[in-house]
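A.B. asks: I have a structure here, written as structure tokens, and I will follow up with some questions on it.
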Amino acid sequence: MTITAAPATESAVSFGLEVRAGLCQAGQKTLPSKYLYDPLGSALFEAISLLPEYGLTRAEERILRRHAEEIVSHVPRPVLVSELGSGNGRKTRWILSALCGREPLSYYPIEISRAALDSCQSELSDIEAVSIVGVEREYLDGLREVAALRPEGTHLLVLFLGSTIGNFDGGADARFLRDVRRFLLPGDSLLLGADLIKPLDRMLAAYDDPPGVTAAFNLNLLARINRELGGDFNLRGFEHVARFNEMTSSIEMHIRSRREQVVHVRDSYAVAFKEGETIWTESCHKYTREAIAALAVASGFRQQAQWMDDEWPFAETLLLAS
Ligand SMILES: C[S@@+](CC[C@H](N)C(=O)[O-])C[C@H]1O[C@@H](n2cnc3c(N)ncnc32)[C@H](O)[C@@H]1O
């Protein structure tokens, strides 16, 4: 497996700049959710996906396991598969196994997290006919590289699973899919996993589990700032909060300051927190089937087929680049 890593210094500089911008801006403090996934964050996300409250991963796995053959029957060949934010790739096994029944296959997982790429490789390395080339990049930079590698006449199937699309809220989801579409050719496909609206208690419990695994995942972002940027956040002075924003139909994850306090990042700047003030770290938009159809059209795709789970409302939608 070849990994093309972004230079470490470049990533550290972007992390420092984005943290400073998010913590020092006027009004709501924010931190980009992509920074949740350092090695510990990626391990904690794997643990989240096993929680009884987080039904989303199991729902998607059931759909892919049951319908993989039918899903791939819609995909033209020859095909090259790429995945945006593969994580450990466990669910992807079903699609790759169904596709490589007929021919050898190249699979390019694109990940910001090196740790996630490593687990993806060990998870899927036993599928003999699949050659895995990990791409340690941000989504669109990685997709640009993968699209440039495709042999003429080969179609691209892009997987975007786990409802990660929901992390792009406020219309950013359509903008992101339009950007993805720019790297595709007519006839290419996008398999999109999206979590659907369900009763409030189920949605909230999925992001605020009793053992506190999601809380650890969220607070680890402050620990990461301490480790990598020389911050002095006292984690006991902050707590994880998950709430549903009805206006945007999103679960929002925040980190709330338990008291008035000042935090320093190296010696270069200080951030003052009022008691109860929050840092907004992630949004997880919840969709309706109509909203997914509208999103497809708005971003230059045509909905080809859709599969649902019976136990946990979740939709897997195959979109065709039109
Ligand atoms: C919500 S997890 C989903 C993982 C997996 N697809 C699943 O369904 O379980 C999002 C994944 O995307 C990766 N990621 C987040 N932001 C990214 C970015 N900007 N570019 C590339 N990967 C990113 C994270 O490292 C993480 O593994």
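Ordering of the structure tokens sets the chain letters (A, B, ...); residue numbers start at 1 within each chain; ligands are numbered from 1 in the order shown.
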Return as a ChimeraX atom specification every polymer residue, whether protein, DNA or RNA, with at least one atom no more than 9 Å from an atom of ligand 1; count only C-alpha atoms and all ligand atoms.
C.D. replies: /A:32-38,41-42,45-46,49,56-57,60-61,83-92,110-117,136-142,159-167,193
A.B. asks: What would the file look like if the residues just selected were written as a compact mmCIF listing (two decimals), in the first residue's frame with N, CA and C atoms?
C.D. replies:
```
# COMPACT_ATOMS: atom_id res chain seq x y z
N PRO A 32 -12.50 22.96 13.62
CA PRO A 32 -12.92 22.10 12.50
C PRO A 32 -12.96 20.62 12.91
N SER A 33 -14.03 19.93 12.52
CA SER A 33 -14.21 18.54 12.97
C SER A 33 -13.13 17.61 12.42
N LYS A 34 -12.50 17.98 11.31
CA LYS A 34 -11.49 17.06 10.75
C LYS A 34 -10.34 16.83 11.73
N TYR A 35 -10.14 17.77 12.68
CA TYR A 35 -9.03 17.60 13.62
C TYR A 35 -9.38 16.68 14.79
N LEU A 36 -10.62 16.17 14.82
CA LEU A 36 -10.97 15.17 15.83
C LEU A 36 -10.20 13.86 15.61
N TYR A 37 -9.70 13.67 14.37
CA TYR A 37 -9.17 12.35 14.00
C TYR A 37 -7.66 12.25 14.04
N ASP A 38 -7.05 12.45 15.22
CA ASP A 38 -5.64 12.07 15.37
C ASP A 38 -5.65 10.56 15.71
N GLY A 41 -8.13 9.89 18.41
CA GLY A 41 -9.49 10.21 17.94
C GLY A 41 -10.01 9.14 17.00
N SER A 42 -9.16 8.63 16.11
CA SER A 42 -9.60 7.59 15.18
C SER A 42 -9.94 6.31 15.94
N PHE A 45 -13.21 6.86 17.59
CA PHE A 45 -14.34 6.76 16.65
C PHE A 45 -14.68 5.30 16.38
N GLU A 46 -13.65 4.45 16.30
CA GLU A 46 -13.93 3.01 16.11
C GLU A 46 -14.75 2.48 17.28
N SER A 49 -18.34 3.47 17.05
CA SER A 49 -19.13 2.72 16.07
C SER A 49 -19.59 1.37 16.65
N LEU A 56 -25.96 3.81 13.70
CA LEU A 56 -25.69 4.21 12.32
C LEU A 56 -24.74 3.26 11.56
N THR A 57 -23.62 2.92 12.19
CA THR A 57 -22.62 2.08 11.51
C THR A 57 -23.19 0.69 11.24
N GLU A 60 -25.73 0.79 8.36
CA GLU A 60 -25.12 0.87 7.02
C GLU A 60 -24.47 -0.47 6.66
N GLU A 61 -23.86 -1.10 7.65
CA GLU A 61 -23.22 -2.39 7.36
C GLU A 61 -24.27 -3.42 6.93
N GLU A 83 -12.59 6.01 -1.87
CA GLU A 83 -13.50 6.29 -0.74
C GLU A 83 -13.03 7.53 0.00
N LEU A 84 -13.98 8.43 0.25
CA LEU A 84 -13.68 9.67 0.99
C LEU A 84 -13.84 9.38 2.48
N GLY A 85 -12.76 9.54 3.25
CA GLY A 85 -12.84 9.31 4.70
C GLY A 85 -13.21 7.87 5.01
N SER A 86 -12.38 6.93 4.58
CA SER A 86 -12.71 5.49 4.69
C SER A 86 -12.82 5.01 6.13
N GLY A 87 -12.15 5.70 7.08
CA GLY A 87 -12.05 5.12 8.42
C GLY A 87 -11.40 3.76 8.30
N ASN A 88 -11.87 2.78 9.09
CA ASN A 88 -11.23 1.45 9.06
C ASN A 88 -11.70 0.60 7.88
N GLY A 89 -12.61 1.09 7.06
CA GLY A 89 -13.00 0.40 5.83
C GLY A 89 -13.79 -0.88 6.04
N ARG A 90 -14.22 -1.14 7.27
CA ARG A 90 -14.86 -2.44 7.55
C ARG A 90 -16.10 -2.68 6.69
N LYS A 91 -16.92 -1.63 6.53
CA LYS A 91 -18.17 -1.80 5.75
C LYS A 91 -17.90 -1.91 4.26
N THR A 92 -16.76 -1.35 3.86
CA THR A 92 -16.43 -1.30 2.43
C THR A 92 -16.14 -2.69 1.87
N ILE A 110 -9.17 7.57 0.79
CA ILE A 110 -8.59 8.90 1.00
C ILE A 110 -8.87 9.29 2.45
N GLU A 111 -7.84 9.58 3.18
CA GLU A 111 -7.99 9.83 4.63
C GLU A 111 -7.05 10.92 5.10
N ILE A 112 -7.54 11.73 6.01
CA ILE A 112 -6.69 12.71 6.68
C ILE A 112 -5.92 12.02 7.82
N SER A 113 -6.45 10.86 8.28
CA SER A 113 -5.87 10.18 9.43
C SER A 113 -5.03 8.99 8.99
N ARG A 114 -3.73 9.07 9.24
CA ARG A 114 -2.83 7.97 8.89
C ARG A 114 -3.21 6.70 9.67
N ALA A 115 -3.64 6.90 10.92
CA ALA A 115 -4.02 5.74 11.75
C ALA A 115 -5.22 5.02 11.13
N ALA A 116 -6.18 5.80 10.59
CA ALA A 116 -7.35 5.18 9.97
C ALA A 116 -6.93 4.42 8.71
N LEU A 117 -6.01 4.99 7.93
CA LEU A 117 -5.54 4.30 6.73
C LEU A 117 -4.86 2.99 7.09
N GLU A 136 -3.12 9.70 1.85
CA GLU A 136 -3.23 10.50 3.07
C GLU A 136 -3.36 11.97 2.67
N ARG A 137 -4.57 12.37 2.47
CA ARG A 137 -4.87 13.70 1.94
C ARG A 137 -6.23 14.15 2.46
N GLU A 138 -6.52 15.43 2.27
CA GLU A 138 -7.90 15.91 2.47
C GLU A 138 -8.74 15.39 1.30
N TYR A 139 -10.06 15.33 1.53
CA TYR A 139 -10.96 14.70 0.54
C TYR A 139 -10.68 15.12 -0.91
N LEU A 140 -10.76 16.43 -1.15
CA LEU A 140 -10.75 16.87 -2.56
C LEU A 140 -9.36 16.81 -3.16
N ASP A 141 -8.33 17.06 -2.35
CA ASP A 141 -6.96 16.93 -2.85
C ASP A 141 -6.72 15.47 -3.25
N GLY A 142 -7.20 14.56 -2.40
CA GLY A 142 -7.02 13.13 -2.69
C GLY A 142 -7.78 12.73 -3.94
N LEU A 159 -17.05 6.23 -2.91
CA LEU A 159 -17.86 5.88 -1.74
C LEU A 159 -17.75 7.01 -0.73
N PHE A 160 -18.89 7.43 -0.19
CA PHE A 160 -18.86 8.43 0.88
C PHE A 160 -19.85 7.94 1.92
N LEU A 161 -19.34 7.13 2.85
CA LEU A 161 -20.20 6.36 3.76
C LEU A 161 -20.27 7.01 5.14
N GLY A 162 -21.07 6.39 6.02
CA GLY A 162 -21.06 6.77 7.44
C GLY A 162 -21.74 8.08 7.74
N SER A 163 -22.49 8.61 6.76
CA SER A 163 -23.16 9.91 6.93
C SER A 163 -22.17 11.04 7.20
N THR A 164 -20.94 10.87 6.72
CA THR A 164 -19.96 11.94 6.90
C THR A 164 -20.40 13.20 6.14
N ILE A 165 -21.24 13.02 5.11
CA ILE A 165 -21.78 14.19 4.39
C ILE A 165 -22.50 15.13 5.37
N GLY A 166 -23.06 14.56 6.45
CA GLY A 166 -23.80 15.37 7.44
C GLY A 166 -22.90 16.33 8.21
N ASN A 167 -21.58 16.13 8.12
CA ASN A 167 -20.66 17.06 8.81
C ASN A 167 -20.57 18.39 8.07
N GLY A 193 -23.89 7.39 1.93
CA GLY A 193 -24.61 6.92 3.11
C GLY A 193 -25.07 8.12 3.92
```
A.B. asks: Determine, for each residue of region 15-104 of chain A having at least one atom at most 6 Å from an atom of region 198-219 of chain A, the closest pair of atoms and their separation in Å to one decimal, counting only C-alpha atoms; order by chain and ascending number, as a Markdown table.
C.D. replies:
```
| residue | atom | partner | partner_atom | distance |
| --- | --- | --- | --- | --- |
| A:Gly41 | CA | A:Phe217 | CA | 5.6 |
| A:Leu44 | CA | A:Phe217 | CA | 5.7 |
| A:Glu53 | CA | A:Ala206 | CA | 4.8 |
| A:Tyr54 | CA | A:Ala206 | CA | 4.5 |
```
A.B. asks: Atoms to include: C-alpha atoms. Write the selected residues as an mmCIF file, in the first residue's frame.
C.D. replies:
```cif
data_model
loop_
_atom_site.group_PDB
_atom_site.id
_atom_site.type_symbol
_atom_site.label_atom_id
_atom_site.label_comp_id
_atom_site.auth_asym_id
_atom_site.auth_seq_id
_atom_site.Cartn_x
_atom_site.Cartn_y
_atom_site.Cartn_z
ATOM 1 C CA GLY A 41 -9.488 10.213 17.945
ATOM 2 C CA LEU A 44 -12.204 6.461 19.795
ATOM 3 C CA GLU A 53 -26.489 3.809 21.031
ATOM 4 C CA TYR A 54 -24.648 4.506 17.746
#
```
A.B. asks: With only C-alpha atoms as the atoms that count, which of A:Ile48, A:Asp232, A:Gln28, A:Ala98 lies nearest to Val75 (chain A)?
C.D. replies: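 Smallest separation from Val75 (chain A) among the options: A:Ala98.
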A.B. asks: Please measure the separation of CA of Leu149 (chain A) and CA of Pro186 (chain A), giving the value in Å to one decimal.
C.D. replies: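 So the two atoms, CA of Leu149 (chain A) and CA of Pro186 (chain A), lie 16.9 Å apart.
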A.B. asks: Using only C-alpha atoms, which residue out of A:Leu196, A:Val271, A:Ile225, A:Ala12 lies closest to Pro313 (chain A)?
C.D. replies: A:Leu196
A.B. asks: Kindly indicate which residue among A:Arg224, A:Ser125, A:Leu156, A:Val130 lies nearest to Pro76 (chain A), using only C-alpha atoms for the distances.
C.D. replies: A:Leu156
A.B. asks: Between A:Leu192, A:Leu99, A:Leu319, A:Ala59, single out the one closest to Ser73 (chain A), counting only C-alpha atoms.
C.D. replies: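 The closest residue to Ser73 (chain A) is A:Leu99.
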A.B. asks: Mind checking which residues fall within 12 Å of region 290-305 of chain A, counting only C-alpha atoms, ignoring those fewer than 4 positions away in the same chain, and posting them as an NGL selection string?
C.D. replies: :A and (67 or 70-75 or 163 or 165-166 or 169 or 171-197 or 249 or 285-286 or 314-322)
A.B. asks: Write out as a list of chain:residue names the residues lying within 9 Å of Ala223 (chain A), counting only C-alpha atoms and excluding same-chain residues fewer than 2 positions away.
C.D. replies: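 Skipping anything fewer than 2 positions along the chain leaves A:Leu219, A:Asn220, A:Leu221, A:Ile225, A:Asn226, A:Arg227, A:Glu228, A:Gly231, A:Asp232, A:Phe233, A:Asn234, A:Leu235.
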A.B. asks: Pull N, CA and C atoms from the residues just selected and write them as a compact mmCIF listing (two decimals), in the first residue's frame.
C.D. replies:
```
# COMPACT_ATOMS: atom_id res chain seq x y z
N LEU A 219 -13.53 15.69 23.63
CA LEU A 219 -12.56 16.39 24.48
C LEU A 219 -11.12 16.13 24.06
N ASN A 220 -10.91 15.00 23.35
CA ASN A 220 -9.55 14.70 22.87
C ASN A 220 -9.02 15.80 21.94
N LEU A 221 -9.95 16.58 21.36
CA LEU A 221 -9.50 17.68 20.49
C LEU A 221 -8.74 18.72 21.32
N ILE A 225 -4.71 19.71 21.10
CA ILE A 225 -4.15 21.07 21.06
C ILE A 225 -3.04 21.19 22.10
N ASN A 226 -3.26 20.60 23.28
CA ASN A 226 -2.20 20.61 24.31
C ASN A 226 -0.95 19.89 23.79
N ARG A 227 -1.17 18.68 23.21
CA ARG A 227 -0.02 17.86 22.78
C ARG A 227 0.74 18.51 21.63
N GLU A 228 -0.02 18.97 20.62
CA GLU A 228 0.65 19.37 19.37
C GLU A 228 0.93 20.86 19.28
N GLY A 231 -0.81 23.80 24.11
CA GLY A 231 -1.91 24.45 24.84
C GLY A 231 -1.91 24.02 26.31
N ASP A 232 -2.63 24.79 27.14
CA ASP A 232 -2.75 24.36 28.55
C ASP A 232 -4.22 24.20 28.97
N PHE A 233 -5.03 23.63 28.08
CA PHE A 233 -6.42 23.31 28.44
C PHE A 233 -6.40 22.32 29.61
N ASN A 234 -7.15 22.61 30.67
CA ASN A 234 -7.39 21.64 31.73
C ASN A 234 -8.70 20.94 31.36
N LEU A 235 -8.60 19.69 30.92
CA LEU A 235 -9.78 19.01 30.37
C LEU A 235 -10.91 18.88 31.39
```
A.B. asks: Among the residues of region 38-254 of chain A, find those DSSP assigns to strand (DSSP E) from the backbone and print them as a VMD selection string.
C.D. replies: chain A and resid 79 to 84 105 to 111 130 to 132 135 to 136 155 to 160 189 to 195 238 to 245 250 to 254
A.B. asks: Might you pull out every residue within 9 Å of Gly230 (chain A), with only C-alpha atoms counted and same-chain residues fewer than 5 positions away left off, and present them as a PyMOL selection string?
C.D. replies: chain A and resi 225+264-267
A.B. asks: Figure out the distance between CA of Leu64 (chain A) and CA of Ser122 (chain A), please, to one decimal in Å.
C.D. replies: 19.8 Å
A.B. asks: By how many Å are CA of Arg58 (chain A) and CA of Asp310 (chain A) apart?
C.D. replies: 11.5 Å
A.B. asks: Neighbours of Ile255 (chain A) within 8 Å (only C-alpha atoms; same-chain residues fewer than 4 positions away dropped), as a list in words?
C.D. replies: Asn218, Leu219, Phe238, Glu239, His240, Val241, Thr278, Ile279, Trp280 and Thr281 of chain A
A.B. asks: Restricting the calculation to only C-alpha atoms, which member of A:Leu80, A:Ser11, A:Ala26, A:Ser119 is positioned closest to Pro39 (chain A)?
C.D. replies: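 For Pro39 (chain A), the nearest of the candidates is A:Ser119.
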A.B. asks: DSSP says alpha helix (DSSP H) for which residues of region 67-253 of chain A? Put them as number ranges by chain?
C.D. replies: A: 67-73, 92-99, 114-124, 139-149, 172-182, 200-206, 213-229
A.B. asks: So that I can see what lies close to Ser131 (chain A), please list as a PDB file with N, CA, C and O atoms, in the first residue's frame the residues with an atom at most 9 Å from it, counting only C-alpha atoms and leaving out residues fewer than 5 positions away in the same chain.
C.D. replies:
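Once everything was written out, this is result30.pdb:
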```
ATOM      1  N   MET A   1       0.852  -1.201   0.000  1.00  0.00           N
ATOM      2  CA  MET A   1       0.000   0.000   0.000  1.00  0.00           C
ATOM      3  C   MET A   1       0.886   1.249   0.000  1.00  0.00           C
ATOM      4  O   MET A   1       1.790   1.368   0.818  1.00  0.00           O
ATOM      5  N   PRO A 104      -9.721  -8.037 -11.171  1.00  0.00           N
ATOM      6  CA  PRO A 104      -8.909  -7.391 -10.144  1.00  0.00           C
ATOM      7  C   PRO A 104      -9.332  -5.931 -10.018  1.00  0.00           C
ATOM      8  O   PRO A 104      -9.814  -5.333 -10.983  1.00  0.00           O
ATOM      9  N   LEU A 105      -9.139  -5.370  -8.838  1.00  0.00           N
ATOM     10  CA  LEU A 105      -9.709  -4.054  -8.554  1.00  0.00           C
ATOM     11  C   LEU A 105      -8.701  -3.184  -7.818  1.00  0.00           C
ATOM     12  O   LEU A 105      -7.979  -3.675  -6.953  1.00  0.00           O
ATOM     13  N   SER A 106      -8.696  -1.881  -8.148  1.00  0.00           N
ATOM     14  CA  SER A 106      -7.873  -0.949  -7.369  1.00  0.00           C
ATOM     15  C   SER A 106      -8.788  -0.121  -6.474  1.00  0.00           C
ATOM     16  O   SER A 106      -9.827   0.377  -6.934  1.00  0.00           O
ATOM     17  N   TYR A 107      -8.380   0.023  -5.222  1.00  0.00           N
ATOM     18  CA  TYR A 107      -9.177   0.758  -4.225  1.00  0.00           C
ATOM     19  C   TYR A 107      -8.291   1.818  -3.592  1.00  0.00           C
ATOM     20  O   TYR A 107      -7.207   1.511  -3.084  1.00  0.00           O
ATOM     21  N   TYR A 108      -8.743   3.078  -3.638  1.00  0.00           N
ATOM     22  CA  TYR A 108      -7.979   4.210  -3.105  1.00  0.00           C
ATOM     23  C   TYR A 108      -8.746   4.869  -1.956  1.00  0.00           C
ATOM     24  O   TYR A 108      -9.571   5.764  -2.188  1.00  0.00           O
ATOM     25  N   SER A 125      -6.862  -6.260   3.793  1.00  0.00           N
ATOM     26  CA  SER A 125      -5.736  -6.826   3.029  1.00  0.00           C
ATOM     27  C   SER A 125      -5.961  -8.285   2.628  1.00  0.00           C
ATOM     28  O   SER A 125      -5.294  -8.794   1.741  1.00  0.00           O
TER      29      SER A 125
END
```
A.B. asks: When distances are computed from only C-alpha atoms, which of A:Arg93, A:Trp312, A:Ala8, A:Phe15 shows the smallest separation from Glu123 (chain A)?
C.D. replies: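 Result for the nearest residue to Glu123 (chain A): A:Arg93.
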